[in-house]
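With TSV, C-alpha atoms inside, this is query.tsv:
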chain	number	residue	atom	x	y	z
A	26	MET	CA	103.20	196.08	151.32
A	27	PRO	CA	106.59	194.99	152.73
A	28	VAL	CA	109.39	197.46	153.21
A	29	SER	CA	112.97	196.38	152.81
A	30	ALA	CA	116.14	198.14	153.84
A	31	PRO	CA	117.63	200.52	151.31
A	32	SER	CA	120.82	199.78	149.50
A	33	ARG	CA	123.73	201.90	150.62
A	34	LYS	CA	124.34	205.01	148.59
A	35	THR	CA	127.28	207.30	148.42
A	36	GLU	CA	126.71	210.83	149.60
A	37	ARG	CA	125.52	213.11	146.84
A	38	SER	CA	127.49	216.22	146.22
A	39	GLU	CA	125.92	219.57	147.04
A	40	SER	CA	125.21	220.30	143.42
A	41	ASP	CA	124.02	216.80	142.46
A	42	GLY	CA	121.32	217.16	139.86
A	43	LEU	CA	121.20	220.92	140.19
A	44	SER	CA	124.28	222.23	138.49
A	45	ASP	CA	125.59	221.69	135.01
A	46	ARG	CA	129.02	223.04	135.78
A	47	SER	CA	130.72	219.68	135.41
A	48	GLY	CA	129.00	219.00	132.11
A	49	THR	CA	129.80	215.30	132.42
A	50	SER	CA	126.31	213.83	132.69
A	51	ALA	CA	123.20	214.59	130.70
A	52	THR	CA	119.58	214.45	131.80
A	53	PRO	CA	118.21	210.88	131.38
A	54	PRO	CA	116.36	210.91	128.04
A	55	LEU	CA	113.59	208.55	129.19
A	56	ALA	CA	112.89	210.63	132.30
A	57	PHE	CA	112.90	213.84	130.26
A	58	ALA	CA	110.45	212.35	127.77
A	59	ALA	CA	108.29	211.22	130.69
A	60	VAL	CA	108.06	214.68	132.23
A	61	ILE	CA	107.16	216.23	128.87
A	62	LEU	CA	104.44	213.63	128.22
A	63	ALA	CA	103.19	214.05	131.79
A	64	ASN	CA	102.59	217.74	131.24
A	65	VAL	CA	100.93	217.13	127.88
A	66	ALA	CA	98.46	214.79	129.60
A	67	LEU	CA	97.93	217.17	132.52
A	68	ALA	CA	97.21	220.08	130.16
A	69	PHE	CA	93.84	218.50	129.28
A	70	GLY	CA	92.79	218.48	132.95
A	71	PRO	CA	91.11	221.92	133.08
A	72	LEU	CA	88.98	221.07	130.03
A	73	LEU	CA	87.80	217.82	131.65
A	74	VAL	CA	87.09	219.57	134.97
A	75	ARG	CA	84.76	221.98	133.17
A	76	MET	CA	83.07	219.09	131.36
A	77	ALA	CA	82.36	217.17	134.59
A	78	ASP	CA	78.80	217.47	135.96
A	79	THR	CA	79.89	217.37	139.60
A	80	GLY	CA	81.26	220.14	141.80
A	81	PRO	CA	84.88	221.14	141.16
A	82	VAL	CA	86.26	219.54	144.33
A	83	ALA	CA	84.08	216.49	143.76
A	84	SER	CA	85.63	216.08	140.32
A	85	ALA	CA	89.05	216.07	142.02
A	86	PHE	CA	87.76	213.45	144.47
A	87	TRP	CA	86.66	211.19	141.60
A	88	ARG	CA	89.93	211.76	139.74
A	89	ILE	CA	91.74	210.36	142.78
A	90	THR	CA	89.23	207.68	143.79
A	91	LEU	CA	88.87	206.15	140.33
A	92	ALA	CA	92.64	206.08	139.86
A	93	ALA	CA	93.52	204.66	143.31
A	94	PRO	CA	92.51	200.99	142.70
A	95	VAL	CA	94.42	200.88	139.41
A	96	LEU	CA	97.53	202.36	141.01
A	97	ALA	CA	97.26	200.02	143.99
A	98	ILE	CA	97.12	196.96	141.71
A	99	LEU	CA	100.09	198.21	139.69
A	100	ALA	CA	102.04	198.80	142.91
A	101	LEU	CA	101.32	195.29	144.17
A	102	LEU	CA	102.34	193.75	140.85
A	103	ALA	CA	105.54	195.78	140.56
A	104	PRO	CA	108.72	193.78	141.24
A	105	ALA	CA	110.29	196.63	143.23
A	106	ARG	CA	109.15	197.33	146.76
A	107	PRO	CA	109.22	200.46	148.92
A	108	ARG	CA	112.45	201.07	150.78
A	109	MET	CA	112.57	202.72	154.17
A	110	PRO	CA	114.55	205.93	154.71
A	111	GLY	CA	117.40	205.62	157.17
A	112	LYS	CA	116.81	203.52	160.26
A	113	GLY	CA	113.02	203.62	160.22
A	114	GLN	CA	110.05	203.95	157.96
A	115	SER	CA	107.88	206.35	159.96
A	116	MET	CA	109.27	209.44	158.22
A	117	LEU	CA	108.55	207.91	154.81
A	118	TRP	CA	104.89	207.34	155.63
A	119	LEU	CA	104.65	210.83	157.14
A	120	LEU	CA	105.99	212.32	153.93
A	121	LEU	CA	103.47	210.31	151.91
A	122	LEU	CA	100.59	211.34	154.17
A	123	VAL	CA	101.44	215.04	154.16
A	124	GLY	CA	102.22	214.88	150.44
A	125	GLY	CA	98.81	213.36	149.76
A	126	ILE	CA	97.08	216.04	151.83
A	127	ALA	CA	99.04	218.77	150.04
A	128	PHE	CA	98.05	217.28	146.68
A	129	ALA	CA	94.41	217.14	147.79
A	130	GLY	CA	94.62	220.83	148.69
A	131	ASP	CA	96.26	221.59	145.36
A	132	LEU	CA	93.58	219.78	143.34
A	133	GLY	CA	90.68	221.14	145.39
A	134	THR	CA	91.73	224.78	145.20
A	135	TRP	CA	92.81	224.53	141.55
A	136	HIS	CA	89.54	222.93	140.44
A	137	ILE	CA	87.61	225.69	142.20
A	138	GLY	CA	89.81	228.28	140.53
A	139	ILE	CA	89.39	226.70	137.09
A	140	ARG	CA	85.65	227.38	137.25
A	141	GLN	CA	85.99	230.92	138.61
A	142	THR	CA	88.64	232.39	136.36
A	143	THR	CA	89.83	232.12	132.77
A	144	MET	CA	91.63	229.05	131.46
A	145	ALA	CA	94.74	231.17	130.85
A	146	ASN	CA	94.78	232.52	134.42
A	147	ALA	CA	94.20	229.05	135.87
A	148	THR	CA	97.03	227.54	133.83
A	149	LEU	CA	99.44	230.38	134.61
A	150	PHE	CA	98.84	230.60	138.37
A	151	GLY	CA	98.25	226.89	138.90
A	152	ASN	CA	101.73	226.14	137.59
A	153	SER	CA	103.59	228.71	139.69
A	154	ALA	CA	105.62	225.72	140.96
A	155	THR	CA	107.57	226.29	137.72
A	156	PHE	CA	109.84	228.67	139.61
A	157	ILE	CA	109.19	227.68	143.25
A	158	PHE	CA	110.42	224.10	142.91
A	159	PRO	CA	113.71	225.02	141.17
A	160	LEU	CA	114.31	227.63	143.89
A	161	TYR	CA	113.95	224.87	146.47
A	162	GLY	CA	116.49	222.81	144.53
A	163	PHE	CA	119.05	225.58	144.53
A	164	LEU	CA	118.51	226.24	148.25
A	165	VAL	CA	119.05	222.56	149.05
A	166	ALA	CA	122.18	222.49	146.91
A	167	ARG	CA	123.38	225.76	148.48
A	168	ALA	CA	124.44	226.84	145.02
A	169	TRP	CA	123.55	229.64	142.65
A	170	PRO	CA	122.24	228.74	139.19
A	171	SER	CA	124.96	228.23	136.60
A	172	ARG	CA	125.08	230.49	133.57
A	173	SER	CA	123.11	228.13	131.34
A	174	GLN	CA	120.54	227.53	134.08
A	175	GLY	CA	120.12	231.27	134.58
A	176	ILE	CA	119.63	231.77	130.85
A	177	ALA	CA	117.06	228.95	130.81
A	178	LEU	CA	115.12	230.53	133.69
A	179	VAL	CA	115.07	233.93	131.97
A	180	LEU	CA	113.96	232.38	128.66
A	181	ALA	CA	111.24	230.43	130.44
A	182	ALA	CA	109.96	233.47	132.35
A	183	VAL	CA	109.83	235.72	129.29
A	184	GLY	CA	108.39	232.96	127.13
A	185	ALA	CA	105.65	232.20	129.66
A	186	GLY	CA	104.84	235.89	129.87
A	187	LEU	CA	104.50	236.17	126.11
A	188	LEU	CA	102.53	232.95	125.90
A	189	MET	CA	100.00	233.94	128.55
A	190	GLY	CA	100.17	237.72	128.27
A	191	ARG	CA	97.53	238.27	125.60
A	192	SER	CA	94.96	236.02	127.23
A	193	TYR	CA	95.61	237.04	130.84
A	194	GLN	CA	92.84	239.25	132.18
A	195	VAL	CA	92.84	241.39	135.31
A	196	ASP	CA	89.19	241.33	136.38
A	197	PRO	CA	87.71	241.65	139.89
A	198	ARG	CA	85.26	238.91	138.96
A	199	HIS	CA	88.21	236.51	138.64
A	200	LEU	CA	89.92	237.51	141.88
A	201	VAL	CA	88.73	234.53	143.95
A	202	GLY	CA	89.57	232.11	141.16
A	203	ASP	CA	92.99	233.69	140.63
A	204	LEU	CA	93.80	233.46	144.35
A	205	MET	CA	92.66	229.84	144.46
A	206	CYS	CA	94.96	229.00	141.55
A	207	VAL	CA	97.89	230.78	143.19
A	208	LEU	CA	97.29	228.76	146.37
A	209	ALA	CA	97.09	225.61	144.25
A	210	GLY	CA	100.46	226.41	142.68
A	211	LEU	CA	102.05	226.83	146.11
A	212	LEU	CA	100.59	223.53	147.34
A	213	TYR	CA	101.74	221.83	144.15
A	214	ALA	CA	105.30	222.97	144.89
A	215	VAL	CA	104.99	221.57	148.44
A	216	TYR	CA	103.76	218.27	146.96
A	217	PHE	CA	106.75	218.15	144.60
A	218	ILE	CA	109.19	218.83	147.43
A	219	LEU	CA	107.73	216.10	149.64
A	220	MET	CA	107.44	213.55	146.84
A	221	SER	CA	111.00	214.21	145.67
A	222	ARG	CA	112.05	213.14	149.17
A	223	VAL	CA	109.85	210.06	148.95
A	224	ARG	CA	111.30	209.13	145.55
A	225	GLU	CA	114.76	208.89	147.09
A	226	HIS	CA	113.56	205.75	148.88
A	227	MET	CA	110.51	204.42	147.02
A	228	PRO	CA	109.78	203.40	143.41
A	229	PRO	CA	107.38	205.64	141.45
A	230	VAL	CA	104.24	203.47	141.30
A	231	PRO	CA	104.02	202.67	145.04
A	232	ALA	CA	104.85	206.29	145.85
A	233	LEU	CA	102.03	207.56	143.66
A	234	ALA	CA	99.63	204.88	144.89
A	235	TRP	CA	100.15	205.71	148.57
A	236	SER	CA	100.02	209.49	148.09
A	237	THR	CA	96.90	209.12	145.93
A	238	MET	CA	95.11	207.12	148.62
A	239	ALA	CA	96.11	209.74	151.20
A	240	SER	CA	94.26	212.36	149.11
A	241	ILE	CA	90.88	210.61	148.97
A	242	VAL	CA	89.44	211.45	152.40
A	243	PRO	CA	90.53	215.13	152.45
A	244	LEU	CA	88.95	215.74	149.03
A	245	PHE	CA	85.73	213.98	149.97
A	246	VAL	CA	85.41	215.98	153.21
A	247	PHE	CA	86.25	219.19	151.33
A	248	ALA	CA	83.53	218.52	148.74
A	249	ILE	CA	80.91	217.68	151.39
A	250	LEU	CA	81.69	220.77	153.48
A	251	LEU	CA	81.27	222.93	150.38
A	252	GLY	CA	77.90	221.31	149.69
A	253	GLU	CA	78.92	220.20	146.22
A	254	ARG	CA	77.17	217.67	144.05
A	255	VAL	CA	79.31	214.55	144.39
A	256	TRP	CA	77.53	211.80	142.44
A	257	PRO	CA	77.68	212.38	138.66
A	258	ASP	CA	75.14	211.52	135.98
A	259	HIS	CA	77.84	211.13	133.35
A	260	TRP	CA	81.17	209.44	134.06
A	261	SER	CA	83.13	209.95	130.83
A	262	ALA	CA	84.89	213.20	131.79
A	263	LEU	CA	85.74	211.88	135.27
A	264	ILE	CA	87.11	208.61	133.92
A	265	LEU	CA	89.26	210.47	131.41
A	266	LEU	CA	90.41	212.79	134.20
A	267	ALA	CA	91.45	209.82	136.34
A	268	LEU	CA	93.20	208.03	133.48
A	269	GLY	CA	94.81	211.00	131.77
A	270	SER	CA	95.65	213.30	134.66
A	271	GLN	CA	96.23	210.98	137.61
A	272	ILE	CA	97.41	207.64	136.23
A	273	VAL	CA	99.27	208.82	133.12
A	274	GLY	CA	100.07	212.44	133.97
A	275	GLN	CA	101.01	212.12	137.64
A	276	GLY	CA	102.42	208.63	137.10
A	277	LEU	CA	104.96	209.91	134.59
A	278	MET	CA	105.57	213.01	136.72
A	279	ILE	CA	106.41	211.00	139.85
A	280	TYR	CA	108.67	208.73	137.82
A	281	ALA	CA	110.56	211.73	136.43
A	282	LEU	CA	110.65	213.42	139.84
A	283	GLY	CA	113.02	210.74	141.09
A	284	LEU	CA	115.47	211.19	138.22
A	285	LEU	CA	115.41	214.85	137.16
A	286	SER	CA	116.57	217.99	138.90
A	287	PRO	CA	113.98	220.44	140.32
A	288	LEU	CA	114.98	222.90	137.60
A	289	VAL	CA	114.11	220.51	134.77
A	290	VAL	CA	110.86	219.39	136.42
A	291	GLY	CA	109.84	222.98	137.16
A	292	LEU	CA	110.49	224.34	133.69
A	293	ALA	CA	108.78	221.33	132.12
A	294	LEU	CA	105.54	222.52	133.76
A	295	LEU	CA	105.49	225.27	131.13
A	296	VAL	CA	104.62	222.59	128.57
A	297	GLN	CA	101.07	222.83	129.96
A	298	PRO	CA	100.37	226.41	128.80
A	299	MET	CA	102.03	225.55	125.48
A	300	VAL	CA	99.60	222.67	125.01
A	301	ALA	CA	96.70	224.79	126.26
A	302	THR	CA	97.53	227.34	123.56
A	303	ALA	CA	97.49	224.58	120.94
A	304	ILE	CA	94.15	223.28	122.25
A	305	GLY	CA	92.69	226.76	121.99
A	306	TRP	CA	93.88	226.99	118.39
A	307	LEU	CA	92.73	223.53	117.28
A	308	VAL	CA	89.51	223.16	119.27
A	309	TYR	CA	88.26	226.70	119.76
A	310	GLY	CA	89.75	228.39	116.70
A	311	GLU	CA	91.74	230.89	118.76
A	312	THR	CA	94.18	232.74	116.52
A	313	LEU	CA	97.86	232.46	117.33
A	314	ALA	CA	99.74	235.75	117.17
A	315	LEU	CA	103.48	236.33	116.85
A	316	PRO	CA	103.96	236.73	120.66
A	317	ASP	CA	102.42	233.28	121.17
A	318	LEU	CA	104.81	231.67	118.71
A	319	VAL	CA	107.81	233.51	120.14
A	320	GLY	CA	106.77	232.46	123.65
A	321	VAL	CA	106.52	228.80	122.63
A	322	ALA	CA	109.94	229.02	120.98
A	323	MET	CA	111.52	230.58	124.10
A	324	VAL	CA	110.04	227.97	126.44
A	325	ALA	CA	111.20	225.21	124.08
A	326	ALA	CA	114.68	226.74	124.00
A	327	ALA	CA	114.76	226.83	127.81
A	328	LEU	CA	113.82	223.13	127.95
A	329	VAL	CA	116.51	222.22	125.42
A	330	LEU	CA	119.04	224.20	127.45
A	331	VAL	CA	118.31	222.45	130.74
A	332	ARG	CA	117.99	219.11	128.93
A	333	ARG	CA	121.53	219.40	127.65
A	334	GLY	CA	123.08	220.99	130.70
A	335	SER	CA	121.59	219.35	133.80
A	336	ALA	CA	123.11	216.41	135.55
A	337	VAL	CA	121.25	213.30	136.66
A	338	ALA	CA	119.35	214.14	139.82
A	339	LYS	CA	119.58	210.81	141.66
A	340	PRO	CA	122.03	208.44	139.98
A	341	GLY	CA	121.72	205.94	142.80
A	342	ASN	CA	118.00	205.44	142.22
A	343	ARG	CA	117.96	203.83	138.78
A	344	ASP	CA	116.61	200.50	139.87
A	345	ASP	CA	113.11	201.73	140.50
A	346	GLY	CA	112.06	202.73	137.01
The structure given in the file should be rewritten as structure tokens.
Amino acid sequence: MPVSAPSRKTERSESDGLSDRSGTSATPPLAFAAVILANVALAFGPLLVRMADTGPVASAFWRITLAAPVLAILALLAPARPRMPGKGQSMLWLLLLVGGIAFAGDLGTWHIGIRQTTMANATLFGNSATFIFPLYGFLVARAWPSRSQGIALVLAAVGAGLLMGRSYQVDPRHLVGDLMCVLAGLLYAVYFILMSRVREHMPPVPALAWSTMASIVPLFVFAILLGERVWPDHWSALILLALGSQIVGQGLMIYALGLLSPLVVGLALLVQPMVATAIGWLVYGETLALPDLVGVAMVAAALVLVRRGSAVAKPGNRDDG
């Protein structure tokens, strides 16, 4: 895939995409819708992992492997082409390689955790990037959160606590699964950080295609070393996992990652436990209590707040959507 030189960009200000103090530019509506839909699609992932008749890491391997050819074809057909960072392209490919390995680690550890702890614990710990990624954004900007951003973070934290609090269980039997999900959340934040750098210089579909292909071998080796069953008898859950989680979910996420601030992307991850709560109510008949409804309302309020207050993250990168 050819790489062409990037168009010149003006230097971004320190608070570009991270502060709403100027109040002159709103979050792109299409990108915001994309990140919300991405998390809705990703919320069904744990259910599909449990339905798969392979090992947990093997299900992650098939999620990536089945999605890779589709993403590669889409990348080749896309009119936009990857652009190299700075004077060379070696750093871009390094970021993609390490990002793919980090994502493989995230999926592998999270899928193990999903089967060794409760759905609530897995969703809560696996999305700890909710607060890690925004912290990275503020550190890069060398700026404290504005008042509205601080309020949004507090609303999101309290809302998530209410949403997950009743179903969270402290149980020694879940310790390994909980720790795996925490590790997955940390690796997910690393993946976001690396791919946000990639998205400064590469359109979303090629970026996702290359990082996806970089995840295949690590996941396969991981599954083999664990002695998991790799070849399935039934493909439906794995195909849905590849389509829903990797192509649709991660595709929309990587698109939004190039246009939204880390704060918006991070808080949008809380859509996943909101959807998980709805799935539990509709599919499993789990009763919703007042704390659940208040938690959903607080998370929604936090998203509305950052939606209205955050500036465009990368205004010079609008030609790659």
_Can you measure atom CA of Val179 of chain A to atom CA of Phe69 of chain A for me? One decimal in Å is fine._
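Straight-line distance from atom CA of Val179 of chain A to atom CA of Phe69 of chain A works out to 26.4 Å.
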Taking only residues of segment 169-221 of chain A that have an atom at most 12 Å from an atom of segment 230-248 of chain A, what is each one's shortest atom pair and its distance in Å to one decimal, using all atoms listed in the file, in chain and number order, as CSV?
residue,atom,partner,partner_atom,distance
A:Tyr216,CA,A:Ser236,CA,9.6
A:Phe217,CA,A:Ser236,CA,11.5
A:Leu219,CA,A:Ser236,CA,10.3
A:Met220,CA,A:Ala232,CA,7.8
A:Ser221,CA,A:Ala232,CA,10.0
_Show me the residues around (107.8, 231.3, 124.3) - criterion: an atom at most 8 Å away, only C-alpha atoms counted - as a list in words._
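Using only C-alpha atoms, the matching residues come out as Leu180, Ala181, Val183, Gly184, Ala185, Gly186, Leu187, Leu188, Pro316, Asp317, Leu318, Val319, Gly320, Val321, Ala322, Met323, Val324 and Ala325 of chain A.
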*For Pro54 of chain A, which residue among A:Ile304, A:Ala281, A:Leu263, A:Leu292 is the nearest when counting all atoms listed in the file?*
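Among A:Ile304, A:Ala281, A:Leu263, A:Leu292, it is A:Ala281 that comes nearest to Pro54 of chain A.
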*Which residue gives the smallest distance to Ala182 of chain A among A:Ala327, A:Gly125, A:Pro229, A:Ala59, with all atoms listed in the file counted?*
A:Ala327
*When distances are computed from only C-alpha atoms, which of A:Ala301, A:Ala129, A:Ile157, A:Ala58 shows the smallest separation from Phe86 of chain A?*
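With only C-alpha atoms as the atom set, the closest residue is A:Ala129.
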*Which one of A:Ala63, A:Leu330, A:Met76, A:Gly133 sits closest to Ile249 of chain A if you count only C-alpha atoms?*
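Under the stated criterion, the closest residue is A:Gly133.
Straight-line separation from atom CA of Val223 of chain A to atom CA of Phe158 of chain A: 15.3 Å.
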*Counting only C-alpha atoms, the option among A:Pro53, A:Pro81, A:Gly124, A:Gly175 closest to Ile139 of chain A*: A:Pro81
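Between atom CA of Gln275 of chain A and atom CA of Pro170 of chain A the separation is 27.0 Å.
Closest approach to Ala303 of chain A among A:Leu55, A:Leu91, A:Val65, A:Arg198 is made by A:Val65 (distances from only C-alpha atoms).
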*Once you count only C-alpha atoms, which residues end up no further than 8 Å from (107.6, 224.5, 137.9) in the file's frame, shown as a ChimeraX atom specification?*
/A:152-159,214,287-288,290-295
